[in-house]
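Input: a single structure, listed below in structure tokens.
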Amino acid sequence: MLWIAIAALPLYLLGIWKRPFLYVGLVPQAGYLLFRGVALGRLPLVGPHDTLTFLSAAIVAFTIPFYVLLKKPLFFRSTAVLSAVLTAFALMAKQHNTPLPPVLDTVWFELHVVLAFFSYALFGIGAIIGLTCLRERDTLGEGLQYRTILVGYCCFSFSMIFGGVWAYLAWGTYWLWTPKELWTSILWLFYSLYLHARLQSRWAGKPSVIVGMAGFAVVLFTYLGVSLLMKSSHTF
Amino acid sequence: MLKGLIKLLASLKMSLWLLLSLLFLLLAGAFIMPLRAEFQAIHSLPLFQWVTRQPLSATWWLWAAIGVVSLLAANTLFCSLDSLMRKKTVTQWLMLISPQIIHIGFLFVLLAHLMSAIAGFKGVAVVHEGTVLQLPDRSALQVRTIAMSLDPNGYLRDWAVDVSYGEAGRIVGEDRLMPNRPSFREGIGIYVKDLRALPDKAVLLEISREPGAPWALIGGVIFMIGTVTLLILRMKREAKNEGAPSIL
């Protein structure tokens, strides 16, 4: 079944050259996730292999509305590069084919994880829009970056709330003092800061675009850095 | 002077500085926590009890974060009140009220953390079938049966722990604990944290009280309502300002 996931990689790489390949690549990747979910009988979102694949597919899927809104080749090229890199790392990562532990078998966990990765994908797209804005000196994209990040922020906040409900039912507390939870709070505070700073005129334009881009570095560390390097309830 | 203080507390500039300070304090904490052994016991006591017993060299960032969060709570409250008082004549009252709803949700979550940090309770015990424990309200908890089912590869597939509550020597209630389904009694939650099948069936039970939990849930729901409302309104406004079609 892995060959379906592998097929997405060259298509994403071709997407750097021609935009339609990016969306053709999404078909096998989404199909792989679907097949994997059916085969395992659970949401395929456990471990870096699954989550990187899901993140890559979500990034590409969320750029579909931008096909009309943002006709910038650089945006789609950057998306293709990011998705290809994430897919390559996903293919290198070990698959977790074990059944879901009973404590993870709940809709709260599913909502928590799915929304978290939707938000990561939207924050990633926000960073790419920012990059496109800066490279092409386009100020109109700043509003689009803001809207993308705002939707991502909502998803992320909801993910935290659902995660809290799940943690309370599973472990008796809605908050744990671990590095992952602290980094999650740092990420939430960072984007809260971005959304509030943008209300001030001095932050509008380029500074806001740069902050929106920097947020994705925090996303990557929160997702991969903390999970791989620090001991927490979310360790891979 | 008081007017100046209120003005400062209600300013957006203050919010930005507080958010930035909190961000850096949590960043420091995220690196200090794994290096200091004291933090391994952080969940054993309510936060305020735990933090007062630890050396300042390990917890300075936590103290500072508590201070900044307190200021942020005041800032959020004053900012919302100021915003509502200034804009008395508004055409889109939803646009005005939705950020304040989000702020109220945030304040509820902070209140929840405060309540749990002051009055939370936690205790753990390894119990077997037949073990009787005394709960904080002096009633008794008996573990009656522990059932586990494993899949052919030996992975735990499901489990259930039957318990009964007793008072003055008689059974007053029964319940079944399952994954993500704890048992609640008089504000106390009974949780199964771990299970062991061999050499004899045993479970690690946690008995905890999180007085902030209902407030956190209320805060979360309020926050979500405010966020969705604001999101829809902002998306429409931003798209209108740019003359671009809304992606919603």
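Here's how to read the names in the structure tokens: chain A, B, ... by the order shown, residue numbers from 1 in each chain, ligand numbers from 1 in the order shown.
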Counting only C-alpha atoms, which residues of chain B come no farther than 9 Å from chain A, as a PyMOL selection string?
chain B and resi 12-13+15-16+19-20+22-24+26-27+29-31+33-34+39+42-43+113+151+155-159+178-182+189-193+206-210+213+216-217+220-221+223-224+227-228+231+234-235+238-239+242+244-247
Name the residues in contact with stretch 69-71 of chain B at a cut-off of 9 Å, using only C-alpha atoms, excluding same-chain residues fewer than 3 positions from it; report them as a list in words.
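The filter keeps Leu9, Leu18, Leu19, Leu22, Ala64, Ala65, Ile66, Ala74, Asn75, Thr76 and Leu110 of chain B.
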Selection above as a file: N, CA and C atoms, as a PDB file, in the first residue's frame:
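part-v2.pdb, freshly written:
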```pdb
ATOM      1  N   LEU B   9      -3.730  49.783  31.760  1.00  0.00           N
ATOM      2  CA  LEU B   9      -4.239  48.408  31.823  1.00  0.00           C
ATOM      3  C   LEU B   9      -5.178  48.078  30.673  1.00  0.00           C
ATOM      4  N   LEU B  18       2.570  42.102  27.401  1.00  0.00           N
ATOM      5  CA  LEU B  18       2.283  40.990  28.323  1.00  0.00           C
ATOM      6  C   LEU B  18       2.321  39.643  27.589  1.00  0.00           C
ATOM      7  N   LEU B  19       1.738  39.615  26.394  1.00  0.00           N
ATOM      8  CA  LEU B  19       1.750  38.372  25.606  1.00  0.00           C
ATOM      9  C   LEU B  19       3.184  37.969  25.273  1.00  0.00           C
ATOM     10  N   LEU B  22       4.951  36.722  28.449  1.00  0.00           N
ATOM     11  CA  LEU B  22       4.475  35.381  28.797  1.00  0.00           C
ATOM     12  C   LEU B  22       5.067  34.328  27.864  1.00  0.00           C
ATOM     13  N   ALA B  64       6.973  34.164  37.701  1.00  0.00           N
ATOM     14  CA  ALA B  64       6.862  35.330  36.808  1.00  0.00           C
ATOM     15  C   ALA B  64       5.680  35.160  35.852  1.00  0.00           C
ATOM     16  N   ALA B  65       5.481  33.936  35.346  1.00  0.00           N
ATOM     17  CA  ALA B  65       4.360  33.673  34.429  1.00  0.00           C
ATOM     18  C   ALA B  65       3.020  33.868  35.143  1.00  0.00           C
ATOM     19  N   ILE B  66       2.944  33.445  36.414  1.00  0.00           N
ATOM     20  CA  ILE B  66       1.707  33.637  37.191  1.00  0.00           C
ATOM     21  C   ILE B  66       1.423  35.140  37.324  1.00  0.00           C
ATOM     22  N   ALA B  74      -6.242  41.085  34.024  1.00  0.00           N
ATOM     23  CA  ALA B  74      -6.732  42.444  34.289  1.00  0.00           C
ATOM     24  C   ALA B  74      -6.789  43.243  32.993  1.00  0.00           C
ATOM     25  N   ASN B  75      -5.751  43.109  32.190  1.00  0.00           N
ATOM     26  CA  ASN B  75      -5.681  43.813  30.906  1.00  0.00           C
ATOM     27  C   ASN B  75      -6.835  43.399  29.983  1.00  0.00           C
ATOM     28  N   THR B  76      -7.116  42.101  29.940  1.00  0.00           N
ATOM     29  CA  THR B  76      -8.207  41.585  29.092  1.00  0.00           C
ATOM     30  C   THR B  76      -9.539  42.187  29.542  1.00  0.00           C
ATOM     31  N   LEU B 110      -8.776  30.990  32.555  1.00  0.00           N
ATOM     32  CA  LEU B 110      -7.797  31.401  33.566  1.00  0.00           C
ATOM     33  C   LEU B 110      -8.341  31.155  34.976  1.00  0.00           C
TER      34      LEU B 110
END
```
Name all residues at most 12 Å from A:Gly15 (count only C-alpha atoms; drop same-chain ones fewer than 2 positions away) and give them as a ChimeraX atom specification.
/A:8-13,17-26,60,73-84
Would you mind exporting N, CA and C atoms of the selected residues as a PDB file, in the first residue's frame?
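File produced: result_15.pdb:
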```
ATOM      1  N   ALA A   8       2.864   9.982  -4.631  1.00  0.00           N
ATOM      2  CA  ALA A   8       2.591  11.415  -4.448  1.00  0.00           C
ATOM      3  C   ALA A   8       3.861  12.253  -4.567  1.00  0.00           C
ATOM      4  N   LEU A   9       4.998  11.674  -4.148  1.00  0.00           N
ATOM      5  CA  LEU A   9       6.239  12.459  -4.100  1.00  0.00           C
ATOM      6  C   LEU A   9       6.666  13.008  -5.459  1.00  0.00           C
ATOM      7  N   PRO A  10       6.804  12.159  -6.509  1.00  0.00           N
ATOM      8  CA  PRO A  10       7.199  12.732  -7.805  1.00  0.00           C
ATOM      9  C   PRO A  10       6.168  13.724  -8.355  1.00  0.00           C
ATOM     10  N   LEU A  11       4.895  13.458  -8.037  1.00  0.00           N
ATOM     11  CA  LEU A  11       3.859  14.381  -8.523  1.00  0.00           C
ATOM     12  C   LEU A  11       3.989  15.751  -7.860  1.00  0.00           C
ATOM     13  N   TYR A  12       4.299  15.755  -6.569  1.00  0.00           N
ATOM     14  CA  TYR A  12       4.510  17.044  -5.887  1.00  0.00           C
ATOM     15  C   TYR A  12       5.741  17.753  -6.458  1.00  0.00           C
ATOM     16  N   LEU A  13       6.763  16.955  -6.759  1.00  0.00           N
ATOM     17  CA  LEU A  13       7.974  17.567  -7.337  1.00  0.00           C
ATOM     18  C   LEU A  13       7.667  18.156  -8.715  1.00  0.00           C
ATOM     19  N   TRP A  17       6.942  22.537 -11.119  1.00  0.00           N
ATOM     20  CA  TRP A  17       7.021  22.970 -12.525  1.00  0.00           C
ATOM     21  C   TRP A  17       5.646  23.397 -13.046  1.00  0.00           C
ATOM     22  N   LYS A  18       4.656  22.538 -12.884  1.00  0.00           N
ATOM     23  CA  LYS A  18       3.296  22.832 -13.348  1.00  0.00           C
ATOM     24  C   LYS A  18       2.294  22.608 -12.220  1.00  0.00           C
ATOM     25  N   ARG A  19       1.502  23.635 -11.947  1.00  0.00           N
ATOM     26  CA  ARG A  19       0.580  23.616 -10.824  1.00  0.00           C
ATOM     27  C   ARG A  19      -0.377  22.399 -10.769  1.00  0.00           C
ATOM     28  N   PRO A  20      -0.975  21.973 -11.886  1.00  0.00           N
ATOM     29  CA  PRO A  20      -1.938  20.862 -11.796  1.00  0.00           C
ATOM     30  C   PRO A  20      -1.377  19.580 -11.189  1.00  0.00           C
ATOM     31  N   PHE A  21      -0.064  19.354 -11.357  1.00  0.00           N
ATOM     32  CA  PHE A  21       0.540  18.131 -10.787  1.00  0.00           C
ATOM     33  C   PHE A  21       0.415  18.099  -9.257  1.00  0.00           C
ATOM     34  N   LEU A  22       0.415  19.288  -8.671  1.00  0.00           N
ATOM     35  CA  LEU A  22       0.286  19.392  -7.221  1.00  0.00           C
ATOM     36  C   LEU A  22      -1.023  18.734  -6.778  1.00  0.00           C
ATOM     37  N   TYR A  23      -2.078  19.021  -7.524  1.00  0.00           N
ATOM     38  CA  TYR A  23      -3.398  18.494  -7.159  1.00  0.00           C
ATOM     39  C   TYR A  23      -3.573  17.032  -7.591  1.00  0.00           C
ATOM     40  N   VAL A  24      -2.871  16.666  -8.627  1.00  0.00           N
ATOM     41  CA  VAL A  24      -2.886  15.243  -9.023  1.00  0.00           C
ATOM     42  C   VAL A  24      -2.195  14.431  -7.914  1.00  0.00           C
ATOM     43  N   GLY A  25      -1.136  14.999  -7.338  1.00  0.00           N
ATOM     44  CA  GLY A  25      -0.405  14.332  -6.253  1.00  0.00           C
ATOM     45  C   GLY A  25      -1.251  14.130  -5.006  1.00  0.00           C
ATOM     46  N   LEU A  26      -2.205  15.038  -4.817  1.00  0.00           N
ATOM     47  CA  LEU A  26      -3.071  14.936  -3.636  1.00  0.00           C
ATOM     48  C   LEU A  26      -3.939  13.672  -3.682  1.00  0.00           C
ATOM     49  N   VAL A  60      -1.832  20.799   0.792  1.00  0.00           N
ATOM     50  CA  VAL A  60      -2.218  20.853  -0.630  1.00  0.00           C
ATOM     51  C   VAL A  60      -3.734  21.080  -0.757  1.00  0.00           C
ATOM     52  N   PRO A  73       2.586  32.100  -9.171  1.00  0.00           N
ATOM     53  CA  PRO A  73       3.299  30.819  -9.341  1.00  0.00           C
ATOM     54  C   PRO A  73       4.199  30.478  -8.151  1.00  0.00           C
ATOM     55  N   LEU A  74       4.822  31.517  -7.554  1.00  0.00           N
ATOM     56  CA  LEU A  74       5.731  31.272  -6.428  1.00  0.00           C
ATOM     57  C   LEU A  74       5.011  30.602  -5.254  1.00  0.00           C
ATOM     58  N   PHE A  75       3.759  30.997  -5.039  1.00  0.00           N
ATOM     59  CA  PHE A  75       2.975  30.415  -3.942  1.00  0.00           C
ATOM     60  C   PHE A  75       2.806  28.907  -4.152  1.00  0.00           C
ATOM     61  N   PHE A  76       2.438  28.529  -5.374  1.00  0.00           N
ATOM     62  CA  PHE A  76       2.182  27.103  -5.646  1.00  0.00           C
ATOM     63  C   PHE A  76       3.489  26.307  -5.694  1.00  0.00           C
ATOM     64  N   ARG A  77       4.548  26.950  -6.191  1.00  0.00           N
ATOM     65  CA  ARG A  77       5.856  26.270  -6.208  1.00  0.00           C
ATOM     66  C   ARG A  77       6.319  25.992  -4.773  1.00  0.00           C
ATOM     67  N   SER A  78       6.182  27.016  -3.924  1.00  0.00           N
ATOM     68  CA  SER A  78       6.613  26.845  -2.522  1.00  0.00           C
ATOM     69  C   SER A  78       5.775  25.782  -1.830  1.00  0.00           C
ATOM     70  N   THR A  79       4.462  25.770  -2.136  1.00  0.00           N
ATOM     71  CA  THR A  79       3.588  24.747  -1.545  1.00  0.00           C
ATOM     72  C   THR A  79       4.041  23.356  -1.987  1.00  0.00           C
ATOM     73  N   ALA A  80       4.369  23.236  -3.268  1.00  0.00           N
ATOM     74  CA  ALA A  80       4.813  21.942  -3.802  1.00  0.00           C
ATOM     75  C   ALA A  80       6.108  21.491  -3.124  1.00  0.00           C
ATOM     76  N   VAL A  81       7.035  22.437  -2.905  1.00  0.00           N
ATOM     77  CA  VAL A  81       8.305  22.095  -2.246  1.00  0.00           C
ATOM     78  C   VAL A  81       8.032  21.620  -0.817  1.00  0.00           C
ATOM     79  N   LEU A  82       7.223  22.391  -0.089  1.00  0.00           N
ATOM     80  CA  LEU A  82       6.929  22.033   1.306  1.00  0.00           C
ATOM     81  C   LEU A  82       6.245  20.658   1.390  1.00  0.00           C
ATOM     82  N   SER A  83       5.269  20.440   0.526  1.00  0.00           N
ATOM     83  CA  SER A  83       4.544  19.161   0.551  1.00  0.00           C
ATOM     84  C   SER A  83       5.464  18.000   0.177  1.00  0.00           C
ATOM     85  N   ALA A  84       6.347  18.240  -0.794  1.00  0.00           N
ATOM     86  CA  ALA A  84       7.283  17.188  -1.201  1.00  0.00           C
ATOM     87  C   ALA A  84       8.242  16.850  -0.062  1.00  0.00           C
TER      88      ALA A  84
END
```
Given the choices A:Leu40, A:Ala88, A:Leu134, A:Ala217, which gets closest to A:Ser56 if the distance is worked out from only C-alpha atoms?
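Closest residue, counting only C-alpha atoms: A:Ala88.
Non-sequential neighbours of B:Trp215 (distance at most 7 Å, separation of 5 or more positions within a chain, only C-alpha atoms) are Phe108, Val109 and Ala112 of chain B.
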Using backbone DSSP assignments, extract all alpha helix (DSSP H) residues from stretch 35-236 of chain A; output them as a ChimeraX atom specification.
/A:35-40,47-62,66-69,73-92,107-136,141-171,179-197,206-220,226-229
For stretch 200-205 of chain B, work out the shell of residues within 8 Å, counting only C-alpha atoms and skipping chain neighbours fewer than 2 positions away, then give it as a PyMOL selection string.
chain B and resi 124-129+146+190-198+207
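For the pair atom CA of A:Leu91 and atom CA of A:Gly212, the interatomic distance is 28.7 Å.
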Proximity to B:Thr131 - best of B:Ile101, B:Tyr165, B:Gly154, B:Met1, only C-alpha atoms
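When distances to B:Thr131 are compared using only C-alpha atoms, the smallest one comes from B:Tyr165.
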Using DSSP on the backbone coordinates, identify all residues within stretch 15-190 of chain B classified as strand (DSSP E or B); present the result as a short mmCIF file (atom, residue, chain, number, x, y, z; two decimals) with C-alpha atoms, in the first residue's frame.
```cif
data_model
loop_
_atom_site.label_atom_id
_atom_site.label_comp_id
_atom_site.auth_asym_id
_atom_site.auth_seq_id
_atom_site.Cartn_x
_atom_site.Cartn_y
_atom_site.Cartn_z
CA PHE B 121 -6.50 17.22 44.80
CA LYS B 122 -4.76 14.14 43.53
CA GLY B 123 -3.93 10.74 44.99
CA VAL B 124 -2.88 7.43 43.44
CA ALA B 125 -3.00 3.84 44.63
CA VAL B 126 -2.29 0.39 43.18
CA VAL B 127 -5.37 -1.73 43.83
CA HIS B 128 -6.44 -5.33 43.24
CA VAL B 132 -11.22 -1.01 49.55
CA LEU B 133 -10.05 2.63 49.54
CA GLN B 134 -11.24 5.53 51.61
CA ALA B 140 -15.42 3.82 50.73
CA LEU B 141 -14.54 2.72 47.22
CA GLN B 142 -14.28 -0.99 46.51
CA VAL B 143 -12.76 -2.41 43.33
CA ARG B 144 -14.96 -5.39 42.53
CA THR B 145 -13.69 -6.73 39.20
CA ILE B 146 -10.95 -5.90 36.73
CA ALA B 147 -11.55 -7.11 33.16
CA MET B 148 -9.13 -6.79 30.26
CA SER B 149 -9.29 -8.00 26.68
CA LEU B 150 -6.20 -8.40 24.56
CA LEU B 156 -4.67 -4.21 25.20
CA ARG B 157 -7.92 -3.81 23.28
CA ASP B 158 -10.35 -2.86 26.01
CA TRP B 159 -10.80 -2.89 29.73
CA ALA B 160 -13.44 -2.32 32.39
CA VAL B 161 -13.18 -1.92 36.15
CA ASP B 162 -16.31 -2.34 38.26
CA VAL B 163 -16.40 -0.39 41.49
CA SER B 164 -18.88 0.17 44.27
CA TYR B 165 -19.23 3.01 46.75
CA GLY B 166 -20.05 2.38 50.37
CA GLU B 167 -21.11 4.46 53.35
CA ARG B 170 -23.66 -0.41 53.05
CA ILE B 171 -23.34 -0.06 49.27
CA VAL B 172 -24.70 3.28 48.05
CA GLY B 173 -23.71 3.11 44.41
CA GLU B 174 -22.00 1.13 41.66
CA ASP B 175 -20.18 2.19 38.53
CA ARG B 176 -18.02 0.90 35.71
CA LEU B 177 -14.78 2.62 34.70
CA MET B 178 -13.79 2.26 31.06
CA ARG B 181 -15.07 7.03 31.05
CA SER B 183 -16.40 7.54 37.61
CA PHE B 184 -17.50 10.70 39.40
CA ARG B 185 -18.74 10.98 42.96
CA ILE B 188 -14.21 13.52 42.91
CA GLY B 189 -13.09 11.71 39.76
CA ILE B 190 -11.87 8.10 39.82
#
```
Which distance in Å separates atom CA of A:Thr132 and atom CA of A:Ala7, to one decimal?
27.6 Å
